[in-house]
>>> print(open('target.tsv').read())   # TSV, C-alpha atoms and all ligand atoms
chain	number	residue	atom	x	y	z
E	1	ARG	CA	184.23	215.09	3.73
E	2	ASP	CA	185.49	215.86	7.16
E	3	PRO	CA	188.98	217.38	6.88
E	4	SER	CA	189.82	216.40	10.45
E	5	LEU	CA	190.19	212.75	9.47
E	6	LYS	CA	193.88	212.13	9.06
E	7	GLN	CA	194.18	212.20	5.27
E	8	ALA	CA	197.38	210.91	3.75
E	9	ASN	CA	198.47	212.41	0.47
E	10	ALA	CA	198.88	210.00	-2.38
E	11	GLY	CA	202.58	209.52	-2.93
E	12	GLN	CA	203.55	210.22	0.68
E	13	SER	CA	204.98	206.97	1.99
E	14	LEU	CA	203.69	205.59	5.25
E	15	PRO	CA	205.66	203.71	7.89
E	16	LEU	CA	205.01	199.99	8.31
E	17	GLN	CA	201.33	199.57	9.27
E	18	ASP	CA	199.93	197.03	11.73
E	19	VAL	CA	196.61	196.81	9.89
E	20	THR	CA	195.69	198.02	6.43
E	21	VAL	CA	191.97	197.95	5.74
E	22	ILE	CA	190.87	197.90	2.10
E	23	GLY	CA	187.39	199.40	1.85
E	24	GLY	CA	185.52	202.26	3.50
E	25	GLY	CA	182.03	200.73	3.83
E	26	PRO	CA	180.48	199.51	7.10
E	27	ALA	CA	182.83	196.49	7.31
E	28	GLY	CA	185.97	198.54	6.64
E	29	VAL	CA	185.09	201.35	9.04
E	30	SER	CA	184.19	198.89	11.78
E	31	SER	CA	187.51	197.03	11.25
E	32	ALA	CA	189.46	200.28	11.39
E	33	ILE	CA	187.81	201.53	14.59
E	34	TYR	CA	188.20	198.21	16.39
E	35	SER	CA	191.87	198.04	15.31
E	36	ALA	CA	192.60	201.63	16.37
E	37	ARG	CA	191.01	200.94	19.76
E	38	LYS	CA	193.69	198.27	20.26
E	39	GLY	CA	196.36	200.92	19.76
E	40	LEU	CA	197.35	199.57	16.35
E	41	LYS	CA	198.71	201.64	13.47
E	42	VAL	CA	195.83	201.61	10.96
E	43	THR	CA	195.33	202.81	7.40
E	44	VAL	CA	192.08	202.62	5.44
E	45	ILE	CA	192.18	202.67	1.65
E	46	ALA	CA	188.77	203.44	0.17
E	47	ASP	CA	188.03	204.01	-3.45
E	48	ARG	CA	184.64	205.47	-2.44
E	49	PHE	CA	184.18	206.12	1.28
E	50	GLY	CA	180.77	204.85	2.49
E	51	GLY	CA	180.53	202.07	-0.12
E	52	GLN	CA	177.06	200.84	-1.00
E	53	VAL	CA	175.58	202.79	1.92
E	54	LYS	CA	176.19	205.91	-0.14
E	55	ASP	CA	173.63	204.63	-2.68
E	56	THR	CA	170.94	203.83	-0.12
E	57	MET	CA	168.08	206.17	0.68
E	58	GLY	CA	166.09	204.70	3.56
E	59	ILE	CA	167.72	202.45	6.15
E	60	GLU	CA	165.37	201.04	8.80
E	61	ASN	CA	167.19	197.89	9.90
E	62	LEU	CA	170.36	199.15	11.54
E	63	ILE	CA	169.41	198.09	15.03
E	64	SER	CA	169.22	200.96	17.56
E	65	VAL	CA	168.85	203.51	14.71
E	66	PRO	CA	165.14	203.27	13.79
E	67	LYS	CA	165.43	205.36	10.63
E	68	THR	CA	168.36	206.87	8.79
E	69	THR	CA	169.51	207.59	5.25
E	70	GLY	CA	172.64	206.45	3.42
E	71	PRO	CA	174.28	209.90	3.34
E	72	GLU	CA	173.55	210.39	7.06
E	73	LEU	CA	175.03	207.01	7.96
E	74	VAL	CA	178.13	207.70	5.83
E	75	GLY	CA	178.53	210.99	7.74
E	76	ASN	CA	178.27	209.11	11.03
E	77	LEU	CA	180.85	206.53	9.91
E	78	ALA	CA	183.29	209.35	9.06
E	79	GLU	CA	182.52	211.13	12.33
E	80	HIS	CA	183.15	207.97	14.36
E	81	MET	CA	186.45	207.27	12.56
E	82	LYS	CA	187.56	210.82	13.28
E	83	ASP	CA	187.69	209.97	17.02
E	84	TYR	CA	190.70	207.73	16.34
E	85	ASP	CA	194.16	208.03	14.88
E	86	ILE	CA	193.34	206.37	11.56
E	87	THR	CA	194.97	207.27	8.24
E	88	LEU	CA	192.48	207.44	5.39
E	89	LYS	CA	193.45	207.28	1.73
E	90	GLU	CA	190.40	208.00	-0.42
E	91	HIS	CA	189.79	207.83	-4.18
E	92	VAL	CA	192.56	205.28	-4.70
E	93	ARG	CA	192.23	201.58	-5.34
E	94	VAL	CA	194.37	198.68	-4.22
E	95	GLU	CA	195.53	197.01	-7.41
E	96	SER	CA	197.74	194.20	-6.15
E	97	ILE	CA	199.05	192.54	-3.02
E	98	GLU	CA	202.40	190.89	-2.51
E	99	LYS	CA	202.18	188.21	0.16
E	100	GLY	CA	204.74	187.51	2.88
E	101	ASN	CA	205.22	188.07	6.58
E	102	ILE	CA	205.27	191.79	5.70
E	103	LYS	CA	202.76	192.36	2.92
E	104	THR	CA	203.00	195.04	0.22
E	105	LEU	CA	199.97	196.73	-1.31
E	106	THR	CA	200.26	198.62	-4.58
E	107	LEU	CA	197.71	201.39	-5.10
E	108	SER	CA	196.31	202.86	-8.32
E	109	SER	CA	198.41	205.96	-7.54
E	110	GLY	CA	201.56	203.81	-7.76
E	111	GLU	CA	202.20	204.18	-4.03
E	112	GLN	CA	203.15	201.11	-2.03
E	113	ILE	CA	202.15	200.38	1.57
E	114	LYS	CA	203.88	197.83	3.77
E	115	THR	CA	201.74	196.20	6.42
E	116	LYS	CA	201.74	193.34	8.88
E	117	THR	CA	198.07	192.43	8.34
E	118	ILE	CA	195.38	193.21	5.81
E	119	ILE	CA	191.60	193.28	6.22
E	120	VAL	CA	189.81	193.08	2.87
E	121	ALA	CA	186.39	194.77	3.10
E	122	THR	CA	185.82	195.69	-0.54
E	123	GLY	CA	182.13	194.77	-0.64
E	124	ALA	CA	180.12	193.78	-3.66
E	125	ARG	CA	177.80	195.21	-6.26
E	126	TRP	CA	174.43	193.96	-7.45
E	127	ARG	CA	174.46	192.76	-11.04
E	128	GLU	CA	172.27	195.13	-13.03
E	129	LEU	CA	169.76	194.20	-15.74
E	130	GLY	CA	170.95	196.95	-18.03
E	131	VAL	CA	167.49	197.88	-19.37
E	132	PRO	CA	166.10	201.41	-19.83
E	133	GLY	CA	164.48	202.76	-16.67
E	134	GLU	CA	166.60	200.68	-14.27
E	135	LYS	CA	169.46	202.97	-13.23
E	136	GLU	CA	167.29	206.10	-13.35
E	137	ASN	CA	164.75	204.65	-10.89
E	138	ILE	CA	166.96	203.06	-8.22
E	139	GLY	CA	165.32	204.10	-4.95
E	140	ASN	CA	162.10	205.11	-6.74
E	141	GLY	CA	160.78	201.62	-7.39
E	142	VAL	CA	163.88	199.75	-8.56
E	143	ALA	CA	165.48	197.83	-5.69
E	144	TYR	CA	168.02	195.07	-5.20
E	145	CYS	CA	167.65	194.06	-1.56
E	146	PRO	CA	164.33	192.57	-0.36
E	147	HIS	CA	165.41	192.61	3.33
E	148	CYS	CA	166.17	196.31	3.02
E	149	ASP	CA	163.45	197.67	0.78
E	150	GLY	CA	160.61	195.09	0.95
E	151	PRO	CA	158.64	196.96	3.67
E	152	PHE	CA	158.55	200.12	1.50
E	153	PHE	CA	156.25	198.19	-0.90
E	154	LYS	CA	153.71	196.99	1.69
E	155	GLY	CA	150.35	196.23	0.00
E	156	LYS	CA	151.70	196.96	-3.51
E	157	ASP	CA	152.35	194.92	-6.65
E	158	VAL	CA	156.01	194.13	-7.33
E	159	ALA	CA	158.14	192.01	-9.66
E	160	VAL	CA	161.27	190.00	-8.98
E	161	ILE	CA	163.64	189.57	-11.90
E	162	GLY	CA	165.52	186.28	-11.73
E	163	GLY	CA	164.35	182.76	-11.01
E	164	GLY	CA	167.45	181.45	-9.25
E	165	ASN	CA	167.57	180.74	-5.52
E	166	SER	CA	167.94	184.41	-4.59
E	167	GLY	CA	165.03	185.42	-6.85
E	168	ILE	CA	162.65	182.79	-5.48
E	169	GLU	CA	163.79	183.49	-1.89
E	170	ALA	CA	163.13	187.19	-2.53
E	171	ALA	CA	159.65	186.37	-3.86
E	172	LEU	CA	158.85	184.29	-0.75
E	173	ASP	CA	160.20	187.02	1.49
E	174	LEU	CA	158.19	189.74	-0.29
E	175	ALA	CA	154.98	187.65	-0.56
E	176	GLY	CA	154.32	188.16	3.16
E	177	ILE	CA	154.48	191.96	2.84
E	178	VAL	CA	153.33	193.04	-0.61
E	179	LYS	CA	150.02	192.50	-2.45
E	180	SER	CA	151.47	190.43	-5.29
E	181	VAL	CA	154.83	189.27	-6.62
E	182	THR	CA	155.48	188.33	-10.25
E	183	VAL	CA	158.75	186.51	-10.84
E	184	PHE	CA	160.30	186.86	-14.29
E	185	GLU	CA	162.78	184.21	-15.44
E	186	PHE	CA	164.64	184.67	-18.72
E	187	MET	CA	165.08	180.93	-19.37
E	188	PRO	CA	162.24	178.43	-19.99
E	189	THR	CA	162.93	176.79	-16.59
E	190	LEU	CA	163.69	178.13	-13.12
E	191	LYS	CA	167.20	177.63	-11.76
E	192	ALA	CA	166.15	177.66	-8.09
E	193	ASP	CA	166.08	174.55	-5.88
E	194	GLN	CA	162.84	172.55	-6.25
E	195	VAL	CA	162.00	172.94	-2.56
E	196	LEU	CA	161.92	176.76	-2.99
E	197	ILE	CA	159.94	176.51	-6.24
E	198	ASN	CA	157.35	174.29	-4.50
E	199	GLN	CA	156.96	176.87	-1.73
E	200	ALA	CA	156.57	179.73	-4.22
E	201	GLU	CA	153.99	177.80	-6.22
E	202	LYS	CA	151.91	177.32	-3.07
E	203	ARG	CA	151.68	181.10	-2.44
E	204	GLU	CA	148.49	182.58	-3.85
E	205	ASN	CA	150.04	185.98	-4.46
E	206	VAL	CA	153.14	184.71	-6.33
E	207	THR	CA	153.03	184.28	-10.13
E	208	ILE	CA	155.98	182.94	-12.11
E	209	ILE	CA	156.49	183.93	-15.75
E	210	LYS	CA	159.24	181.96	-17.52
E	211	ASN	CA	160.99	182.55	-20.83
E	212	ALA	CA	160.48	186.31	-20.48
E	213	ALA	CA	162.97	189.06	-21.32
E	214	THR	CA	162.62	192.30	-19.37
E	215	LYS	CA	162.62	195.14	-21.88
E	216	GLN	CA	161.99	198.28	-19.88
E	217	ILE	CA	161.04	199.64	-16.47
E	218	VAL	CA	158.47	202.39	-16.92
E	219	ALA	CA	158.14	205.34	-14.52
E	220	GLU	CA	155.81	208.32	-14.29
E	221	ASN	CA	156.46	211.39	-12.16
E	222	GLY	CA	159.62	209.79	-10.75
E	223	LYS	CA	157.94	206.54	-9.59
E	224	VAL	CA	157.95	203.10	-11.22
E	225	THR	CA	154.51	202.27	-12.66
E	226	ALA	CA	155.03	199.24	-14.95
E	227	ILE	CA	157.39	196.71	-16.43
E	228	GLU	CA	157.53	195.76	-20.10
E	229	TYR	CA	158.61	192.23	-20.95
E	230	GLN	CA	158.80	190.13	-24.06
E	231	ASP	CA	157.50	186.58	-24.25
E	232	ARG	CA	160.56	184.92	-25.84
E	233	ALA	CA	158.42	182.15	-27.42
E	234	THR	CA	156.02	184.50	-29.27
E	235	ASP	CA	158.05	187.76	-29.29
E	236	GLU	CA	154.94	189.56	-27.98
E	237	VAL	CA	155.67	192.48	-25.67
E	238	HIS	CA	153.44	192.88	-22.58
E	239	SER	CA	153.16	195.55	-19.93
E	240	LEU	CA	152.44	194.77	-16.27
E	241	PRO	CA	151.45	197.65	-13.96
E	242	LEU	CA	153.35	197.57	-10.63
E	243	ALA	CA	155.10	199.76	-8.06
E	244	GLY	CA	158.42	197.98	-7.60
E	245	VAL	CA	160.98	195.83	-9.35
E	246	PHE	CA	163.51	193.78	-7.36
E	247	VAL	CA	166.48	192.75	-9.51
E	248	GLN	CA	167.91	189.43	-8.29
E	249	ILE	CA	170.35	188.29	-10.95
E	250	GLY	CA	173.44	188.09	-8.80
E	251	LEU	CA	175.83	189.88	-6.48
E	252	VAL	CA	179.37	190.42	-7.75
E	253	PRO	CA	182.09	190.60	-5.06
E	254	ASN	CA	184.82	193.23	-5.58
E	255	SER	CA	187.60	190.68	-5.31
E	256	GLN	CA	189.26	190.56	-8.74
E	257	PHE	CA	192.55	191.89	-7.34
E	258	MET	CA	192.57	189.08	-4.73
E	259	LYS	CA	192.72	186.28	-7.35
E	260	GLY	CA	195.79	184.16	-6.61
E	261	VAL	CA	196.30	185.91	-3.24
E	262	VAL	CA	193.62	184.08	-1.22
E	263	ASP	CA	191.07	181.35	-1.96
E	264	LEU	CA	187.91	182.56	-3.69
E	265	THR	CA	184.70	180.64	-4.43
E	266	GLN	CA	183.63	180.11	-8.05
E	267	HIS	CA	181.46	183.24	-7.59
E	268	GLY	CA	184.47	185.31	-6.47
E	269	GLU	CA	183.64	185.51	-2.76
E	270	ILE	CA	186.64	185.43	-0.42
E	271	VAL	CA	186.48	182.23	1.61
E	272	VAL	CA	186.64	183.02	5.34
E	273	ASP	CA	186.32	180.93	8.47
E	274	ASN	CA	184.30	181.98	11.52
E	275	LYS	CA	187.15	184.28	12.62
E	276	CYS	CA	187.31	186.06	9.23
E	277	LYS	CA	190.61	184.36	8.39
E	278	THR	CA	191.34	183.78	4.71
E	279	SER	CA	193.58	181.05	3.28
E	280	GLU	CA	196.60	183.38	3.66
E	281	PRO	CA	198.04	184.00	7.15
E	282	GLY	CA	197.70	187.65	8.17
E	283	ILE	CA	195.04	188.42	5.56
E	284	PHE	CA	191.49	188.70	6.89
E	285	ALA	CA	188.25	189.62	5.13
E	286	ALA	CA	184.87	190.96	6.21
E	287	GLY	CA	181.47	191.93	4.86
E	288	ASP	CA	179.86	191.51	1.45
E	289	VAL	CA	183.08	190.43	-0.30
E	290	THR	CA	183.21	187.23	1.76
E	291	THR	CA	181.36	183.92	1.98
E	292	VAL	CA	179.45	185.14	5.03
E	293	PRO	CA	175.74	184.79	4.22
E	294	TYR	CA	173.18	187.63	4.24
E	295	LYS	CA	174.69	190.83	2.92
E	296	GLN	CA	173.56	193.56	5.32
E	297	ILE	CA	175.02	196.64	7.04
E	298	VAL	CA	174.66	195.27	10.57
E	299	ILE	CA	176.29	191.98	9.50
E	300	SER	CA	179.17	193.78	7.76
E	301	MET	CA	179.81	195.88	10.84
E	302	GLY	CA	179.90	192.77	13.04
E	303	GLU	CA	182.19	190.94	10.63
E	304	GLY	CA	184.50	193.97	10.47
E	305	ALA	CA	184.81	193.91	14.26
E	306	LYS	CA	185.55	190.19	14.18
E	307	ALA	CA	188.19	190.56	11.46
E	308	SER	CA	190.05	193.22	13.44
E	309	LEU	CA	190.00	191.16	16.65
E	310	SER	CA	191.40	188.23	14.66
E	311	ALA	CA	194.09	190.48	13.17
E	312	PHE	CA	194.97	191.65	16.68
E	313	GLU	CA	195.24	188.04	17.86
E	314	TYR	CA	197.47	187.27	14.86
E	315	LEU	CA	199.70	190.27	15.61
E	316	LEU	CA	200.13	189.18	19.23
E	317	ALA	CA	201.12	185.69	18.10
E	318	HIS	CA	203.56	187.03	15.47
E	319	GLU	CA	204.98	189.96	17.46
E	320	VAL	CA	208.48	188.56	17.83
E	321	GLU	CA	208.89	187.51	14.18
E	322	ASP	CA	207.51	190.82	12.89
E	323	GLU	CA	209.81	192.90	15.06
E	324	ALA	CA	212.81	190.98	13.82
E	325	GLU	CA	211.73	191.46	10.19
E	326	SER	CA	210.95	195.16	10.45
E	327	GLN	CA	214.30	195.83	12.08
E	328	ALA	CA	215.97	194.03	9.21
E	329	ALA	CA	213.96	196.05	6.62
F	1	LIG	C1	170.65	200.30	-2.97
F	1	LIG	C2	171.06	199.50	-1.76
F	1	LIG	C3	170.28	199.55	-0.62
F	1	LIG	C4	170.66	198.84	0.51
F	1	LIG	N1	169.89	198.95	1.64
F	1	LIG	C5	170.28	198.34	2.78
F	1	LIG	C6	169.54	198.49	3.99
F	1	LIG	O1	168.52	199.20	4.04
F	1	LIG	N2	169.98	197.81	5.09
F	1	LIG	C7	171.08	196.99	5.08
F	1	LIG	O2	171.43	196.44	6.12
F	1	LIG	N3	171.80	196.84	3.95
F	1	LIG	C8	171.44	197.48	2.82
F	1	LIG	N4	172.16	197.30	1.66
F	1	LIG	C9	173.32	196.39	1.69
F	1	LIG	C10	174.49	197.08	2.39
F	1	LIG	O3	174.70	198.37	1.85
F	1	LIG	C11	175.75	196.22	2.28
F	1	LIG	O4	175.50	194.94	2.85
F	1	LIG	C12	176.94	196.86	3.01
F	1	LIG	O5	177.19	198.16	2.56
F	1	LIG	C13	178.20	196.02	2.82
F	1	LIG	O6	179.26	196.65	3.46
F	1	LIG	P1	180.78	196.35	3.09
F	1	LIG	O7	181.57	197.26	3.96
F	1	LIG	O8	181.02	194.90	3.13
F	1	LIG	O9	180.92	196.78	1.55
F	1	LIG	P2	180.58	198.10	0.73
F	1	LIG	O10	179.54	198.93	1.40
F	1	LIG	O11	180.30	197.61	-0.65
F	1	LIG	O12	181.95	198.93	0.74
F	1	LIG	C14	183.05	198.50	-0.01
F	1	LIG	C15	184.16	199.53	0.07
F	1	LIG	O13	185.34	199.03	-0.57
F	1	LIG	C16	185.84	199.99	-1.51
F	1	LIG	N5	186.60	199.27	-2.52
F	1	LIG	C17	186.20	198.28	-3.37
F	1	LIG	N6	187.24	197.81	-4.09
F	1	LIG	C18	188.33	198.52	-3.70
F	1	LIG	C19	189.71	198.50	-4.05
F	1	LIG	N7	190.22	197.63	-4.94
F	1	LIG	N8	190.56	199.39	-3.46
F	1	LIG	C20	190.10	200.27	-2.53
F	1	LIG	N9	188.79	200.32	-2.14
F	1	LIG	C21	187.93	199.45	-2.72
F	1	LIG	C22	184.59	200.71	-1.97
F	1	LIG	O14	184.90	201.95	-2.57
F	1	LIG	C23	183.88	200.87	-0.63
F	1	LIG	O15	184.45	201.90	0.13
F	1	LIG	C24	171.82	198.02	0.51
F	1	LIG	C25	172.61	197.97	-0.64
F	1	LIG	C26	172.25	198.70	-1.77
F	1	LIG	C27	173.13	198.66	-3.00
>>> encode(input="target.tsv", output="C-alpha cells", more="lines below")
Ligand SMILES: Cc1cc2nc3c(=O)[nH]c(=O)nc-3n(C[C@H](O)[C@H](O)[C@H](O)COP(=O)(O)OP(=O)(O)OC[C@H]3O[C@@H](n4cnc5c(N)ncnc54)[C@H](O)[C@@H]3O)c2cc1C
Amino acid sequence: RDPSLKQANAGQSLPLQDVTVIGGGPAGVSSAIYSARKGLKVTVIADRFGGQVKDTMGIENLISVPKTTGPELVGNLAEHMKDYDITLKEHVRVESIEKGNIKTLTLSSGEQIKTKTIIVATGARWRELGVPGEKENIGNGVAYCPHCDGPFFKGKDVAVIGGGNSGIEAALDLAGIVKSVTVFEFMPTLKADQVLINQAEKRENVTIIKNAATKQIVAENGKVTAIEYQDRATDEVHSLPLAGVFVQIGLVPNSQFMKGVVDLTQHGEIVVDNKCKTSEPGIFAAGDVTTVPYKQIVISMGEGAKASLSAFEYLLAHEVEDEAESQAA
C-alpha cells in the first residue's frame, strides 16, 4: 500500500484524537476524509483496508464511475486519503471501547487510543453456506449481492439460496434480468412475508423448491455450471444446471466488540438515527454495520460523510467541556 499515507507504528502512542474511525472500507474512508477536511485530528484503524470492496471484482453502480474493480477502487480510496493528514493503523483490530467524555479504544496490539469521538464503520460479512464449490467460485458464479451482480447474469439461469425476505426479494429483483430463478429453502416452509411470496409465485420465471439442502456448487473451467441439492423428504440428490448462485442466508454485522457499548438490534446492527448517532453520545456509526437499509458502496460513502459531519457538530457543542478535560488529563 501507499507508503505516503501517514502510518502509525503499533505501540507508538498518539495524542488525544478528535475523531477515531474504526474501519477502512468506503464508510470509514469517507468519514476520515470529511473529518480531516474540517481540520480535525483523525485516526483510522482498519483490520483490512478496503473492506468488502477488496473482495469485489466488477463494480458498475458507483455513480460517476461507470466501471471499476474492487482493487482499483481500494487504490483510489487510499490515494484520496493520502491528500489529507490522516493517521492510518492497519492490520490491527479494535477489541474494546471504554465510554466517557474522552473515550479509550484498546487495540489487538495492546495499544490504547484516547479520542473525543468515534465513528464505527466496521461493515458486515455475508453469511456463507459452507458447501464445496462456494468459496472457490466467488466472482465466477457465486454471488451474494443481487443489486451488485444481478446484471452480470442477464438472460441466464440462476438460483437463490434462502427463502427469507432477502432471498425472495433477491428472486424478485433478479427475475426481471435473468432467464430463470430457482429459490432453494432448507425448511419445509418459506420464512418470507406472505406479500413477497405471493409476488414471487406470480412470476413465471421464478420456481421455489422447499425442504432442500444445498450440497455442492459445481464449476467447470472456472465457471459455475450447476447446483446439487438434496430433497430432505426423500434424501434424493438432484442436479440443476445454472450459471449463478446467489446466497441470501443473512448478513452478519462486525459489531461484537460494540455489545454493551451502544444499542444493537437482535441481528447485531448498530442502531443509528438519521444523523448516524448511536445510543452513546460521541459515538457515531456508518455503513453496513448499522441499521441503515440497503448495503451498498455509494450508501456507505454517504453515511460516512454524514457520520463525520455529526461528529463535527458534536465536537463544536462539546468544545468547552473537552478542553477542560484534556487539560486535566
Ligand atoms: C463480493 C461482494 C461484491 C459486492 N459488490 C458490490 C457492488 O458491485 N456495488 C456496491 O455498491 N456494493 C457491493 N458490495 C457491498 C459493498 O462492498 C458494501 O456495502 C460496502 O463495502 C460496505 O462498506 P463499509 O465501509 O460499511 O464496510 P466494509 O467494506 O465491510 O469495511 C469494513 C472495514 O472495517 C474493518 N473492521 C472490521 N472490524 C474491525 C475491528 N474490530 N477493528 C478494526 N477494523 C475492523 C474491516 O477490516 C474493513 O476495513 C459487495 C460486497 C461483496 C462482499
>>> closest_residue(input="target.tsv", among="E:Ile33, E:Leu309, E:Ala143, E:Leu251", to="E:Asp288", atoms="all atoms listed in the file")
E:Leu251
>>> residues_around(input="target.tsv", residues="E:Asn140", least_positions_apart="6", cutoff="8 Å", atoms="only C-alpha atoms", output="ChimeraX atom specification")
/E:222-224
>>> closest_residue(input="target.tsv", among="E:Asp157, E:Glu228, E:Asp18, E:Asp55", to="E:Trp126", atoms="all atoms listed in the file")
E:Asp55
>>> residues_near_point(input="target.tsv", point="(174.6, 203.8, 2.1)", cutoff="8 Å", atoms="all atoms listed in the file", output="list in words")
Gly50, Gly51, Gln52, Val53, Lys54, Asp55, Thr56, Met57, Thr69, Gly70, Pro71, Leu73 and Val74 of chain E
>>> atom_distance(input="target.tsv", atom1="atom CA of E:Lys306", atom2="atom CA of E:Val65")
21.4 Å
>>> residues_around(input="target.tsv", residues="E:Asn137", least_positions_apart="6", cutoff="12 Å", atoms="all atoms listed in the file", output="MDAnalysis selection string")
chainID E and resid 131 143:144 216:226 243:246
>>> atom_distance(input="target.tsv", atom1="atom CA of E:Phe152", atom2="atom CA of E:Ile177")
9.2 Å
>>> residues_around(input="target.tsv", residues="E:Cys148", least_positions_apart="6", cutoff="12 Å", atoms="only C-alpha atoms", output="VMD selection string")
chain E and resid 53 56 to 62 67 69 139 170 173 to 174 246 294 to 298
>>> closest_residue(input="target.tsv", among="E:Thr87, E:Thr207, E:Thr234, E:Gln266", to="E:Thr291", atoms="all atoms listed in the file")
E:Gln266
>>> atom_distance(input="target.tsv", atom1="atom CA of E:Gln230", atom2="atom CA of E:Pro132")
14.1 Å
>>> closest_residue(input="target.tsv", among="E:Leu196, E:Val289, E:Ala305, E:Leu190", to="E:Arg125", atoms="only C-alpha atoms")
E:Val289
>>> residues_around(input="target.tsv", residues="E:Glu169", least_positions_apart="3", cutoff="12 Å", atoms="all atoms listed in the file", output="ChimeraX atom specification")
/E:145-147,160-166,172-176,181,183,191-200,206,246,248,294
>>> residues_around(input="target.tsv", residues="E:Thr20", least_positions_apart="5", cutoff="7 Å", atoms="all atoms listed in the file", output="number ranges by chain")
E: 42-44, 115, 117-119
>>> closest_residue(input="target.tsv", among="E:Glu269, E:Asp231, E:Glu185, E:Asp85", to="ligand LIG 1 (chain F)", atoms="all atoms listed in the file")
E:Glu269
>>> closest_residue(input="target.tsv", among="E:Ala46, E:Leu107, E:Lys116, E:Ile283", to="E:Val19", atoms="only C-alpha atoms")
E:Lys116
>>> axis_aligned_box(input="target.tsv", around="stretch 39-43 of chain E", padding_each_side="6 Å", output="JSON")
{"center_x": 197.0, "center_y": 201.2, "center_z": 13.6, "size_x": 15.4, "size_y": 15.2, "size_z": 24.4}
>>> residues_near_point(input="target.tsv", point="(178.0, 204.9, 9.0)", cutoff="7 Å", atoms="all atoms listed in the file", output="number ranges by chain")
E: 26, 73-78
